[in-house]
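Participant: Data: run08.pdb, PDB, C-alpha atoms.
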ATOM      1  CA  MET A1027      -2.568  15.363 -23.389
ATOM      2  CA  GLU A1028      -4.451  17.747 -25.606
ATOM      3  CA  LYS A1029      -3.061  21.098 -26.663
ATOM      4  CA  LYS A1030      -5.563  22.862 -24.420
ATOM      5  CA  GLU A1031      -4.523  20.838 -21.357
ATOM      6  CA  VAL A1032      -0.835  21.495 -22.037
ATOM      7  CA  PHE A1033      -1.525  25.213 -22.410
ATOM      8  CA  LEU A1034      -3.546  25.248 -19.173
ATOM      9  CA  TYR A1035      -0.778  23.393 -17.311
ATOM     10  CA  MET A1036       1.930  25.727 -18.637
ATOM     11  CA  ASN A1037      -0.198  28.749 -17.738
ATOM     12  CA  GLN A1038      -0.605  27.477 -14.168
ATOM     13  CA  TYR A1039       3.140  26.850 -13.989
ATOM     14  CA  PHE A1040       4.009  30.396 -15.072
ATOM     15  CA  VAL A1041       1.432  31.862 -12.678
ATOM     16  CA  MET A1042       3.097  29.864  -9.876
ATOM     17  CA  LEU A1043       6.525  31.196 -10.903
ATOM     18  CA  LYS A1044       5.204  34.766 -10.976
ATOM     19  CA  GLU A1045       3.665  34.390  -7.514
ATOM     20  CA  ASN A1046       6.847  32.765  -6.212
ATOM     21  CA  ALA A1047       8.937  35.623  -7.637
ATOM     22  CA  ARG A1048       6.902  38.025  -5.491
ATOM     23  CA  SER A1049       8.191  36.175  -2.435
ATOM     24  CA  LEU A1050      11.588  37.783  -3.064
ATOM     25  CA  LYS A1051      10.113  40.912  -1.467
ATOM     26  CA  ASN A1052       9.272  38.988   1.713
ATOM     27  CA  VAL A1053      11.984  39.288   4.378
ATOM     28  CA  ARG A1054      10.952  35.975   5.983
ATOM     29  CA  VAL A1055      11.543  34.180   2.699
ATOM     30  CA  ILE A1056      14.943  35.774   2.175
ATOM     31  CA  VAL A1057      16.003  34.959   5.751
ATOM     32  CA  GLY A1058      14.678  31.389   5.459
ATOM     33  CA  VAL A1059      16.479  30.726   2.188
ATOM     34  CA  ALA A1060      19.634  32.313   3.645
ATOM     35  CA  LEU A1061      19.466  29.947   6.648
ATOM     36  CA  PHE A1062      19.224  26.925   4.355
ATOM     37  CA  PHE A1063      22.013  28.475   2.282
ATOM     38  CA  ALA A1064      24.179  28.538   5.416
ATOM     39  CA  LEU A1065      23.156  24.973   6.305
ATOM     40  CA  ASN A1066      24.176  23.875   2.804
ATOM     41  CA  VAL A1067      27.610  25.480   3.260
ATOM     42  CA  ILE A1068      28.039  23.815   6.688
ATOM     43  CA  LEU A1069      26.988  20.405   5.319
ATOM     44  CA  ASN A1070      29.330  20.870   2.386
ATOM     45  CA  LEU A1071      32.161  21.710   4.758
ATOM     46  CA  PHE A1072      31.598  19.105   7.481
ATOM     47  CA  GLY A1073      29.091  16.641   6.015
ATOM     48  CA  SER A1074      30.945  15.610   2.896
ATOM     49  CA  ILE A1075      33.876  13.380   2.106
ATOM     50  CA  GLN A1076      36.149  14.340  -0.768
ATOM     51  CA  ILE A1077      37.228  11.002  -2.244
ATOM     52  CA  THR A1078      39.200  12.463  -5.174
ATOM     53  CA  ASN A1079      39.269  15.827  -6.971
ATOM     54  CA  GLN A1080      36.470  14.480  -9.146
ATOM     55  CA  LEU A1081      34.490  12.447  -6.613
ATOM     56  CA  LYS A1082      32.724  13.644  -3.468
ATOM     57  CA  LEU A1083      30.145  12.046  -1.202
ATOM     58  CA  GLY A1084      27.978  14.621   0.532
ATOM     59  CA  PHE A1085      24.591  15.558   1.899
ATOM     60  CA  ALA A1086      24.515  19.322   1.273
ATOM     61  CA  SER A1087      21.816  18.912  -1.371
ATOM     62  CA  ILE A1088      19.371  18.005   1.430
ATOM     63  CA  ALA A1089      19.422  21.641   2.593
ATOM     64  CA  THR A1090      18.673  22.813  -0.945
ATOM     65  CA  ALA A1091      15.773  20.359  -1.171
ATOM     66  CA  ALA A1092      14.308  21.603   2.119
ATOM     67  CA  SER A1093      14.635  25.224   1.031
ATOM     68  CA  CYS A1094      12.961  24.446  -2.296
ATOM     69  CA  LEU A1095      10.056  22.704  -0.559
ATOM     70  CA  LEU A1096       9.474  25.628   1.790
ATOM     71  CA  TYR A1097      10.298  28.637  -0.401
ATOM     72  CA  GLY A1098      10.056  27.533  -4.020
ATOM     73  CA  PRO A1099      12.150  27.788  -7.148
ATOM     74  CA  VAL A1100      12.691  31.513  -7.657
ATOM     75  CA  PRO A1101      14.447  32.471  -4.383
ATOM     76  CA  ASN A1102      16.589  29.333  -4.614
ATOM     77  CA  LEU A1103      17.470  29.947  -8.259
ATOM     78  CA  VAL A1104      18.462  33.530  -7.457
ATOM     79  CA  LEU A1105      20.834  32.415  -4.704
ATOM     80  CA  ALA A1106      22.174  29.291  -6.459
ATOM     81  CA  PRO A1107      25.130  31.004  -8.206
ATOM     82  CA  LEU A1108      26.164  32.656  -4.944
ATOM     83  CA  LEU A1109      25.851  29.334  -3.111
ATOM     84  CA  ASP A1110      28.192  27.700  -5.589
ATOM     85  CA  LEU A1111      30.758  30.480  -5.155
ATOM     86  CA  VAL A1112      30.579  30.480  -1.339
ATOM     87  CA  ASN A1113      30.853  26.675  -1.178
ATOM     88  CA  TYR A1114      34.002  26.883  -3.258
ATOM     89  CA  MET A1115      35.461  29.730  -1.172
ATOM     90  CA  VAL A1116      34.838  27.855   2.079
ATOM     91  CA  LYS A1117      36.171  24.504   0.817
ATOM     92  CA  PRO A1118      38.167  24.911  -2.402
ATOM     93  CA  VAL A1119      38.947  21.738  -4.304
ATOM     94  CA  GLY A1120      40.929  22.286  -7.468
ATOM     95  CA  ALA A1121      40.367  25.330  -9.646
ATOM     96  CA  TYR A1122      37.143  27.346  -9.493
ATOM     97  CA  TYR A1123      35.008  26.790 -12.555
ATOM     98  CA  PRO A1124      31.970  29.121 -12.665
ATOM     99  CA  ILE A1125      30.031  26.831 -14.989
ATOM    100  CA  PHE A1126      29.285  24.607 -11.967
ATOM    101  CA  MET A1127      26.684  27.255 -11.073
ATOM    102  CA  ILE A1128      24.500  25.577 -13.689
ATOM    103  CA  SER A1129      24.544  22.391 -11.588
ATOM    104  CA  THR A1130      23.514  24.316  -8.484
ATOM    105  CA  MET A1131      20.685  25.992 -10.389
ATOM    106  CA  ALA A1132      19.602  22.651 -11.864
ATOM    107  CA  SER A1133      19.460  21.236  -8.323
ATOM    108  CA  ALA A1134      17.112  24.028  -7.274
ATOM    109  CA  CYS A1135      14.922  23.399 -10.332
ATOM    110  CA  ILE A1136      14.744  19.647  -9.728
ATOM    111  CA  PHE A1137      13.985  19.877  -6.004
ATOM    112  CA  SER A1138      11.402  22.621  -6.597
ATOM    113  CA  ALA A1139       9.706  20.610  -9.341
ATOM    114  CA  TYR A1140       9.311  17.613  -7.047
ATOM    115  CA  PHE A1141       8.586  19.287  -3.711
ATOM    116  CA  TYR A1142       7.311  22.885  -4.028
ATOM    117  CA  ASN A1143       3.513  23.016  -3.575
ATOM    118  CA  CYS A1144       3.631  19.307  -2.756
ATOM    119  CA  LYS A1145       0.866  18.255  -0.368
ATOM    120  CA  LYS A1146       2.219  14.833   0.570
ATOM    121  CA  ILE A1147       5.702  13.348   0.601
ATOM    122  CA  THR A1148       5.797   9.787  -0.713
ATOM    123  CA  TRP A1149       8.616   7.317  -1.131
ATOM    124  CA  VAL A1150       7.994   7.244  -4.895
ATOM    125  CA  ARG A1151       8.319  11.035  -5.174
ATOM    126  CA  VAL A1152      11.523  11.059  -3.120
ATOM    127  CA  ILE A1153      13.078   8.159  -5.041
ATOM    128  CA  LEU A1154      12.225   9.725  -8.406
ATOM    129  CA  CYS A1155      13.556  13.084  -7.254
ATOM    130  CA  ARG A1156      16.810  11.608  -6.035
ATOM    131  CA  ILE A1157      17.293   9.551  -9.205
ATOM    132  CA  THR A1158      16.568  12.628 -11.336
ATOM    133  CA  TYR A1159      19.071  14.646  -9.320
ATOM    134  CA  ASP A1160      21.718  11.915  -9.517
ATOM    135  CA  VAL A1161      21.317  11.455 -13.279
ATOM    136  CA  VAL A1162      20.966  15.102 -14.331
ATOM    137  CA  VAL A1163      23.237  16.878 -11.851
ATOM    138  CA  SER A1164      25.729  14.322 -10.569
ATOM    139  CA  LEU A1165      26.173  11.940 -13.478
ATOM    140  CA  PHE A1166      25.660  14.334 -16.382
ATOM    141  CA  LEU A1167      26.294  18.016 -15.522
ATOM    142  CA  ASN A1168      28.957  17.647 -12.835
ATOM    143  CA  THR A1169      30.715  14.917 -14.784
ATOM    144  CA  LEU A1170      30.647  17.003 -17.965
ATOM    145  CA  PHE A1171      31.992  20.105 -16.205
ATOM    146  CA  THR A1172      34.646  18.114 -14.315
ATOM    147  CA  SER A1173      35.667  16.471 -17.570
ATOM    148  CA  MET A1174      36.013  19.895 -19.190
ATOM    149  CA  LEU A1175      37.905  21.319 -16.201
ATOM    150  CA  TRP A1176      40.425  18.493 -15.792
ATOM    151  CA  SER A1177      40.585  17.424 -19.474
ATOM    152  CA  THR A1178      39.618  13.919 -18.411
ATOM    153  CA  PRO A1179      37.405  11.707 -20.583
ATOM    154  CA  PHE A1180      33.750  11.855 -19.550
ATOM    155  CA  LEU A1181      33.364   8.093 -19.127
ATOM    156  CA  VAL A1182      36.464   7.827 -16.926
ATOM    157  CA  ILE A1183      34.761  10.138 -14.407
ATOM    158  CA  ALA A1184      31.223   8.825 -14.930
ATOM    159  CA  GLY A1185      32.090   5.217 -13.988
ATOM    160  CA  PRO A1186      33.185   5.879 -10.390
ATOM    161  CA  LYS A1187      30.393   8.455  -9.966
ATOM    162  CA  LEU A1188      27.806   5.917 -11.058
ATOM    163  CA  ILE A1189      29.105   3.395  -8.511
ATOM    164  CA  LYS A1190      29.213   6.061  -5.774
ATOM    165  CA  ASN A1191      25.639   7.179  -6.595
ATOM    166  CA  LEU A1192      24.307   3.615  -6.614
ATOM    167  CA  ILE A1193      25.919   2.894  -3.231
ATOM    168  CA  SER A1194      24.773   6.164  -1.642
ATOM    169  CA  LEU A1195      21.263   6.211  -3.199
ATOM    170  CA  PRO A1196      19.478   4.285  -0.407
ATOM    171  CA  PHE A1197      21.036   6.497   2.285
ATOM    172  CA  GLN A1198      20.308   9.681   0.318
ATOM    173  CA  VAL A1199      16.688   8.603  -0.257
ATOM    174  CA  VAL A1200      16.038   7.779   3.409
ATOM    175  CA  ILE A1201      17.588  11.031   4.648
ATOM    176  CA  LEU A1202      15.774  13.080   1.988
ATOM    177  CA  TYR A1203      12.465  11.387   2.845
ATOM    178  CA  LEU A1204      12.835  12.060   6.580
ATOM    179  CA  VAL A1205      13.847  15.700   6.031
ATOM    180  CA  MET A1206      11.031  16.320   3.531
ATOM    181  CA  LYS A1207       8.454  14.734   5.871
ATOM    182  CA  THR A1208       9.649  17.064   8.630
ATOM    183  CA  CYS A1209       9.602  20.097   6.345
ATOM    184  CA  ILE A1210       6.081  19.359   5.069
ATOM    185  CA  GLN A1211       4.910  19.344   8.707
ATOM    186  CA  LEU A1212       6.716  22.636   9.391
ATOM    187  CA  LYS A1213       5.493  24.331   6.209
ATOM    188  CA  PRO A1214       2.263  25.768   7.690
ATOM    189  CA  LYS A1215       4.277  27.375  10.504
ATOM    190  CA  VAL A1216       6.940  28.713   8.150
ATOM    191  CA  ASN A1217       4.529  30.136   5.565
ATOM    192  CA  ARG A1218       2.224  32.060   7.871
TER     193      ARG A1218
END
Write out the structure in this file as C-alpha coordinates.

Facilitator:
Amino acid sequence: MEKKEVFLYMNQYFVMLKENARSLKNVRVIVGVALFFALNVILNLFGSIQITNQLKLGFASIATAASCLLYGPVPNLVLAPLLDLVNYMVKPVGAYYPIFMISTMASACIFSAYFYNCKKITWVRVILCRITYDVVVSLFLNTLFTSMLWSTPFLVIAGPKLIKNLISLPFQVVILYLVMKTCIQLKPKVNR
(Lines of atoms letter the chains of each structure in order from A and count residues from 1; the text may use other names and numbers.)
(Lines give C-alpha, C1' and ligand atoms only; values in the text may rest on other atoms or scores of the structure.)
Protein backbone atom coordinates (compact mmCIF):
# COMPACT_ATOMS: atom_id res chain seq x y z
CA MET A 1 0.00 0.00 0.00
CA GLU A 2 1.15 3.49 -0.79
CA LYS A 3 1.26 6.25 1.80
CA LYS A 4 -1.68 7.96 0.11
CA GLU A 5 -3.83 4.82 0.24
CA VAL A 6 -2.99 4.26 3.92
CA PHE A 7 -3.87 7.87 4.70
CA LEU A 8 -7.16 7.58 2.79
CA TYR A 9 -8.04 4.34 4.60
CA MET A 10 -7.22 5.82 8.02
CA ASN A 11 -9.24 8.93 7.19
CA GLN A 12 -12.26 6.80 6.26
CA TYR A 13 -11.83 4.82 9.47
CA PHE A 14 -11.81 7.95 11.65
CA VAL A 15 -14.81 9.38 9.78
CA MET A 16 -16.65 6.11 10.50
CA LEU A 17 -15.72 6.35 14.20
CA LYS A 18 -16.91 9.97 14.34
CA GLU A 19 -20.23 9.07 12.71
CA ASN A 20 -20.61 6.06 15.00
CA ALA A 21 -19.92 8.25 18.05
CA ARG A 22 -22.91 10.39 17.05
CA SER A 23 -25.09 7.30 17.47
CA LEU A 24 -24.63 7.66 21.24
CA LYS A 25 -27.26 10.40 21.04
CA ASN A 26 -29.76 7.99 19.46
CA VAL A 27 -32.08 6.38 22.03
CA ARG A 28 -32.68 3.35 19.78
CA VAL A 29 -28.95 2.65 19.71
CA ILE A 30 -28.59 2.96 23.47
CA VAL A 31 -31.60 0.69 24.07
CA GLY A 32 -30.35 -1.84 21.49
CA VAL A 33 -26.86 -2.00 22.96
CA ALA A 34 -28.39 -2.25 26.46
CA LEU A 35 -30.51 -5.24 25.34
CA PHE A 36 -27.43 -7.03 24.01
CA PHE A 37 -25.66 -6.02 27.22
CA ALA A 38 -28.40 -7.78 29.18
CA LEU A 39 -28.24 -10.81 26.86
CA ASN A 40 -24.49 -10.99 27.45
CA VAL A 41 -25.04 -11.00 31.23
CA ILE A 42 -27.72 -13.73 30.92
CA LEU A 43 -25.48 -15.86 28.68
CA ASN A 44 -22.60 -15.35 31.07
CA LEU A 45 -24.80 -16.44 33.96
CA PHE A 46 -26.62 -19.39 32.40
CA GLY A 47 -24.74 -20.14 29.17
CA SER A 48 -21.28 -20.69 30.55
CA ILE A 49 -19.52 -23.45 32.42
CA GLN A 50 -16.86 -22.50 34.95
CA ILE A 51 -14.31 -25.32 34.70
CA THR A 52 -11.78 -23.81 37.14
CA ASN A 53 -11.12 -20.31 38.52
CA GLN A 54 -8.95 -19.75 35.46
CA LEU A 55 -10.93 -21.62 32.80
CA LYS A 56 -14.46 -20.97 31.57
CA LEU A 57 -16.38 -22.16 28.53
CA GLY A 58 -19.06 -19.69 27.48
CA PHE A 59 -21.00 -18.08 24.68
CA ALA A 60 -21.59 -14.57 26.06
CA SER A 61 -19.26 -13.07 23.46
CA ILE A 62 -21.89 -13.88 20.80
CA ALA A 63 -24.11 -11.12 22.21
CA THR A 64 -21.21 -8.66 22.03
CA ALA A 65 -20.55 -9.66 18.42
CA ALA A 66 -24.20 -9.12 17.48
CA SER A 67 -24.26 -5.73 19.18
CA CYS A 68 -21.06 -4.71 17.40
CA LEU A 69 -22.47 -5.73 14.02
CA LEU A 70 -25.66 -3.74 14.55
CA TYR A 71 -24.44 -0.70 16.50
CA GLY A 72 -20.70 -0.39 15.93
CA PRO A 73 -17.60 0.09 18.02
CA VAL A 74 -18.22 3.31 19.96
CA PRO A 75 -21.42 2.42 21.88
CA ASN A 76 -20.00 -1.02 22.67
CA LEU A 77 -16.65 0.39 23.79
CA VAL A 78 -18.41 2.88 26.05
CA LEU A 79 -20.41 0.14 27.77
CA ALA A 80 -17.64 -2.50 27.85
CA PRO A 81 -16.20 -1.52 31.27
CA LEU A 82 -19.68 -1.53 32.79
CA LEU A 83 -20.41 -4.91 31.20
CA ASP A 84 -17.31 -6.37 32.78
CA LEU A 85 -18.31 -5.04 36.21
CA VAL A 86 -21.93 -6.22 35.97
CA ASN A 87 -20.87 -9.69 34.77
CA TYR A 88 -18.63 -9.98 37.80
CA MET A 89 -21.33 -8.72 40.19
CA VAL A 90 -23.88 -11.19 38.84
CA LYS A 91 -21.51 -14.18 38.81
CA PRO A 92 -18.38 -13.50 40.88
CA VAL A 93 -15.51 -15.93 40.42
CA GLY A 94 -12.48 -15.14 42.53
CA ALA A 95 -11.43 -11.57 43.21
CA TYR A 96 -12.55 -8.68 41.00
CA TYR A 97 -9.71 -7.38 38.87
CA PRO A 98 -10.66 -4.20 36.96
CA ILE A 99 -7.97 -4.72 34.34
CA PHE A 100 -10.21 -7.37 32.74
CA MET A 101 -12.16 -4.41 31.33
CA ILE A 102 -9.40 -4.21 28.72
CA SER A 103 -10.39 -7.69 27.51
CA THR A 104 -14.03 -6.65 27.23
CA MET A 105 -13.06 -3.53 25.29
CA ALA A 106 -10.75 -5.56 23.04
CA SER A 107 -13.67 -7.90 22.30
CA ALA A 108 -15.78 -4.96 21.18
CA CYS A 109 -12.93 -3.70 18.97
CA ILE A 110 -12.36 -7.10 17.37
CA PHE A 111 -16.03 -7.84 16.68
CA SER A 112 -16.60 -4.31 15.35
CA ALA A 113 -13.57 -4.54 13.07
CA TYR A 114 -14.85 -7.76 11.52
CA PHE A 115 -18.60 -7.13 11.42
CA TYR A 116 -19.55 -3.43 11.62
CA ASN A 117 -20.43 -2.07 8.15
CA CYS A 118 -20.04 -5.61 6.83
CA LYS A 119 -22.27 -6.30 3.83
CA LYS A 120 -21.94 -10.08 3.75
CA ILE A 121 -21.14 -12.66 6.40
CA THR A 122 -18.78 -15.36 5.16
CA TRP A 123 -17.31 -18.41 6.83
CA VAL A 124 -13.80 -17.01 6.30
CA ARG A 125 -14.68 -13.74 8.05
CA VAL A 126 -16.28 -15.56 10.98
CA ILE A 127 -13.40 -18.03 11.35
CA LEU A 128 -10.80 -15.25 11.23
CA CYS A 129 -12.79 -13.19 13.71
CA ARG A 130 -13.13 -16.07 16.14
CA ILE A 131 -9.44 -16.99 15.86
CA THR A 132 -8.46 -13.35 16.40
CA TYR A 133 -10.72 -13.17 19.45
CA ASP A 134 -9.40 -16.45 20.86
CA VAL A 135 -5.75 -15.47 20.38
CA VAL A 136 -5.93 -11.82 21.47
CA VAL A 137 -8.58 -11.92 24.20
CA SER A 138 -8.72 -15.48 25.50
CA LEU A 139 -5.19 -16.76 25.06
CA PHE A 140 -3.24 -13.54 25.56
CA LEU A 141 -5.13 -10.85 27.53
CA ASN A 142 -7.27 -13.03 29.80
CA THR A 143 -4.39 -15.41 30.42
CA LEU A 144 -2.04 -12.52 31.21
CA PHE A 145 -4.52 -10.89 33.61
CA THR A 146 -5.40 -14.22 35.26
CA SER A 147 -1.70 -14.96 35.64
CA MET A 148 -1.20 -11.57 37.30
CA LEU A 149 -4.26 -12.00 39.53
CA TRP A 150 -3.50 -15.52 40.78
CA SER A 151 0.33 -15.30 40.59
CA THR A 152 0.31 -18.35 38.34
CA PRO A 153 2.81 -18.75 35.49
CA PHE A 154 1.39 -17.62 32.15
CA LEU A 155 2.12 -20.90 30.35
CA VAL A 156 0.46 -22.98 33.07
CA ILE A 157 -2.82 -21.18 32.33
CA ALA A 158 -2.30 -20.85 28.57
CA GLY A 159 -1.98 -24.62 27.97
CA PRO A 160 -5.46 -25.62 29.17
CA LYS A 161 -6.97 -22.50 27.56
CA LEU A 162 -5.43 -23.40 24.22
CA ILE A 163 -6.91 -26.91 24.41
CA LYS A 164 -10.31 -25.53 25.48
CA ASN A 165 -10.27 -22.97 22.61
CA LEU A 166 -9.29 -25.58 20.02
CA ILE A 167 -12.08 -27.91 21.17
CA SER A 168 -14.72 -25.17 21.33
CA LEU A 169 -13.65 -23.33 18.14
CA PRO A 170 -15.88 -25.27 15.70
CA PHE A 171 -18.94 -24.79 17.93
CA GLN A 172 -18.15 -21.11 18.51
CA VAL A 173 -17.66 -20.53 14.76
CA VAL A 174 -20.94 -22.22 13.78
CA ILE A 175 -22.95 -20.36 16.42
CA LEU A 176 -21.27 -17.04 15.58
CA TYR A 177 -21.91 -17.58 11.86
CA LEU A 178 -25.61 -18.36 12.39
CA VAL A 179 -26.11 -15.38 14.72
CA MET A 180 -24.25 -12.99 12.40
CA LYS A 181 -26.25 -14.19 9.37
CA THR A 182 -29.45 -13.50 11.31
CA CYS A 183 -28.23 -10.10 12.47
CA ILE A 184 -27.18 -9.03 8.96
CA GLN A 185 -30.74 -9.81 7.80
CA LEU A 186 -32.21 -7.83 10.71
CA LYS A 187 -29.86 -4.86 10.29
CA PRO A 188 -32.06 -2.91 7.83
CA LYS A 189 -35.00 -3.17 10.24
CA VAL A 190 -32.90 -2.21 13.26
CA ASN A 191 -31.16 0.76 11.63
CA ARG A 192 -34.19 2.52 10.19

Participant: Check which residues satisfy the PyMOL selection byres ((chain A and resi 1156-1170) around 7) in the file shown, then give them as a list in words.

Facilitator: Ser1129, Ala1132, Ser1133, Ile1136, Val1152, Ile1153, Leu1154, Cys1155, Phe1171, Thr1172, Ser1173, Met1174, Phe1180, Ile1183, Ala1184, Lys1187, Leu1188, Asn1191 and Val1199 of chain A

Participant: For Lys1146 of chain A, which residue among A:Leu1034, A:Met1042, A:Val1067, A:Ile1210 is the nearest when counting only C-alpha atoms?

Facilitator: A:Ile1210

Participant: Run the PyMOL selection byres ((chain A and resi 1203) around 9) against the file shown and list the residues it catches, as a PyMOL selection string.

Facilitator: chain A and resi 1147-1149+1152-1153+1198-1202+1204-1208

Participant: Need to verify the contact set: Lys1044 of chain A, 12 Å, all atoms listed in the file, exclusion of same-chain residues closer than 6 positions in sequence. Can you return it as a list in words?

Facilitator: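 Neighbouring residues, sequence-local ones excluded: Asn1037, Gln1038, Leu1050, Gly1098, Pro1099, Val1100 and Pro1101 of chain A.
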
Participant: Any chance you could export the current selection's C-alpha atoms as a short mmCIF file (atom, residue, chain, number, x, y, z; two decimals), in the frame of the given file?

Facilitator:
data_model
loop_
_atom_site.label_atom_id
_atom_site.label_comp_id
_atom_site.auth_asym_id
_atom_site.auth_seq_id
_atom_site.Cartn_x
_atom_site.Cartn_y
_atom_site.Cartn_z
CA ASN A 1037 -0.20 28.75 -17.74
CA GLN A 1038 -0.60 27.48 -14.17
CA LEU A 1050 11.59 37.78 -3.06
CA GLY A 1098 10.06 27.53 -4.02
CA PRO A 1099 12.15 27.79 -7.15
CA VAL A 1100 12.69 31.51 -7.66
CA PRO A 1101 14.45 32.47 -4.38
#

Participant: Starting from the displayed file, determine the output of the PyMOL selection byres ((chain A and resi 1090) around 8) and express the residue list as a short mmCIF file (atom, residue, chain, number, x, y, z; two decimals) with C-alpha atoms, keeping the file's coordinate frame.

Facilitator:
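For reference, result.cif as written:
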data_model
loop_
_atom_site.label_atom_id
_atom_site.label_comp_id
_atom_site.auth_asym_id
_atom_site.auth_seq_id
_atom_site.Cartn_x
_atom_site.Cartn_y
_atom_site.Cartn_z
CA PHE A 1062 19.22 26.92 4.36
CA PHE A 1063 22.01 28.48 2.28
CA ASN A 1066 24.18 23.88 2.80
CA ALA A 1086 24.52 19.32 1.27
CA SER A 1087 21.82 18.91 -1.37
CA ILE A 1088 19.37 18.00 1.43
CA ALA A 1089 19.42 21.64 2.59
CA ALA A 1091 15.77 20.36 -1.17
CA ALA A 1092 14.31 21.60 2.12
CA SER A 1093 14.64 25.22 1.03
CA CYS A 1094 12.96 24.45 -2.30
CA ASN A 1102 16.59 29.33 -4.61
CA SER A 1133 19.46 21.24 -8.32
CA ALA A 1134 17.11 24.03 -7.27
CA PHE A 1137 13.98 19.88 -6.00
#

Participant: Take segment 1175-1198 of chain A, model N, CA and C atoms, and hand the result over as an mmCIF file, in the coordinates of the input.

Facilitator:
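Below you can see result.cif, which holds the result:
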data_model
loop_
_atom_site.group_PDB
_atom_site.id
_atom_site.type_symbol
_atom_site.label_atom_id
_atom_site.label_comp_id
_atom_site.auth_asym_id
_atom_site.auth_seq_id
_atom_site.Cartn_x
_atom_site.Cartn_y
_atom_site.Cartn_z
ATOM 1 N N LEU A 1175 36.940 20.647 -17.067
ATOM 2 C CA LEU A 1175 37.905 21.319 -16.201
ATOM 3 C C LEU A 1175 39.244 20.584 -16.148
ATOM 4 N N TRP A 1176 39.205 19.277 -15.981
ATOM 5 C CA TRP A 1176 40.425 18.493 -15.792
ATOM 6 C C TRP A 1176 40.908 17.831 -17.080
ATOM 7 N N SER A 1177 40.233 18.056 -18.186
ATOM 8 C CA SER A 1177 40.585 17.424 -19.474
ATOM 9 C C SER A 1177 40.680 15.907 -19.337
ATOM 10 N N THR A 1178 39.701 15.358 -18.632
ATOM 11 C CA THR A 1178 39.618 13.919 -18.411
ATOM 12 C C THR A 1178 38.427 13.392 -19.209
ATOM 13 N N PRO A 1179 38.548 12.244 -19.835
ATOM 14 C CA PRO A 1179 37.405 11.707 -20.583
ATOM 15 C C PRO A 1179 36.164 11.549 -19.692
ATOM 16 N N PHE A 1180 35.033 11.884 -20.260
ATOM 17 C CA PHE A 1180 33.750 11.855 -19.550
ATOM 18 C C PHE A 1180 33.505 10.499 -18.891
ATOM 19 N N LEU A 1181 33.680 9.427 -19.639
ATOM 20 C CA LEU A 1181 33.364 8.093 -19.127
ATOM 21 C C LEU A 1181 34.303 7.639 -18.015
ATOM 22 N N VAL A 1182 35.519 8.160 -17.998
ATOM 23 C CA VAL A 1182 36.464 7.827 -16.926
ATOM 24 C C VAL A 1182 35.950 8.366 -15.588
ATOM 25 N N ILE A 1183 35.315 9.539 -15.622
ATOM 26 C CA ILE A 1183 34.761 10.138 -14.407
ATOM 27 C C ILE A 1183 33.397 9.553 -14.082
ATOM 28 N N ALA A 1184 32.600 9.295 -15.129
ATOM 29 C CA ALA A 1184 31.223 8.825 -14.930
ATOM 30 C C ALA A 1184 31.166 7.457 -14.265
ATOM 31 N N GLY A 1185 32.115 6.566 -14.564
ATOM 32 C CA GLY A 1185 32.090 5.217 -13.988
ATOM 33 C C GLY A 1185 32.122 5.220 -12.464
ATOM 34 N N PRO A 1186 33.154 5.827 -11.857
ATOM 35 C CA PRO A 1186 33.185 5.879 -10.390
ATOM 36 C C PRO A 1186 32.001 6.645 -9.788
ATOM 37 N N LYS A 1187 31.548 7.695 -10.485
ATOM 38 C CA LYS A 1187 30.393 8.455 -9.966
ATOM 39 C C LYS A 1187 29.141 7.596 -9.964
ATOM 40 N N LEU A 1188 28.964 6.798 -10.989
ATOM 41 C CA LEU A 1188 27.806 5.917 -11.058
ATOM 42 C C LEU A 1188 27.821 4.927 -9.896
ATOM 43 N N ILE A 1189 28.974 4.340 -9.636
ATOM 44 C CA ILE A 1189 29.105 3.395 -8.511
ATOM 45 C C ILE A 1189 28.830 4.103 -7.190
ATOM 46 N N LYS A 1190 29.428 5.288 -7.007
ATOM 47 C CA LYS A 1190 29.213 6.061 -5.774
ATOM 48 C C LYS A 1190 27.730 6.397 -5.597
ATOM 49 N N ASN A 1191 27.055 6.821 -6.681
ATOM 50 C CA ASN A 1191 25.639 7.179 -6.595
ATOM 51 C C ASN A 1191 24.760 5.967 -6.302
ATOM 52 N N LEU A 1192 25.086 4.825 -6.885
ATOM 53 C CA LEU A 1192 24.307 3.615 -6.614
ATOM 54 C C LEU A 1192 24.464 3.170 -5.163
ATOM 55 N N ILE A 1193 25.681 3.286 -4.635
ATOM 56 C CA ILE A 1193 25.919 2.894 -3.231
ATOM 57 C C ILE A 1193 25.239 3.874 -2.267
ATOM 58 N N SER A 1194 25.319 5.164 -2.566
ATOM 59 C CA SER A 1194 24.773 6.164 -1.642
ATOM 60 C C SER A 1194 23.275 6.403 -1.820
ATOM 61 N N LEU A 1195 22.682 5.938 -2.924
ATOM 62 C CA LEU A 1195 21.263 6.211 -3.199
ATOM 63 C C LEU A 1195 20.323 5.819 -2.056
ATOM 64 N N PRO A 1196 20.405 4.620 -1.498
ATOM 65 C CA PRO A 1196 19.478 4.285 -0.407
ATOM 66 C C PRO A 1196 19.602 5.230 0.795
ATOM 67 N N PHE A 1197 20.833 5.585 1.158
ATOM 68 C CA PHE A 1197 21.036 6.497 2.285
ATOM 69 C C PHE A 1197 20.491 7.891 1.958
ATOM 70 N N GLN A 1198 20.786 8.362 0.749
ATOM 71 C CA GLN A 1198 20.308 9.681 0.318
ATOM 72 C C GLN A 1198 18.779 9.722 0.298
#
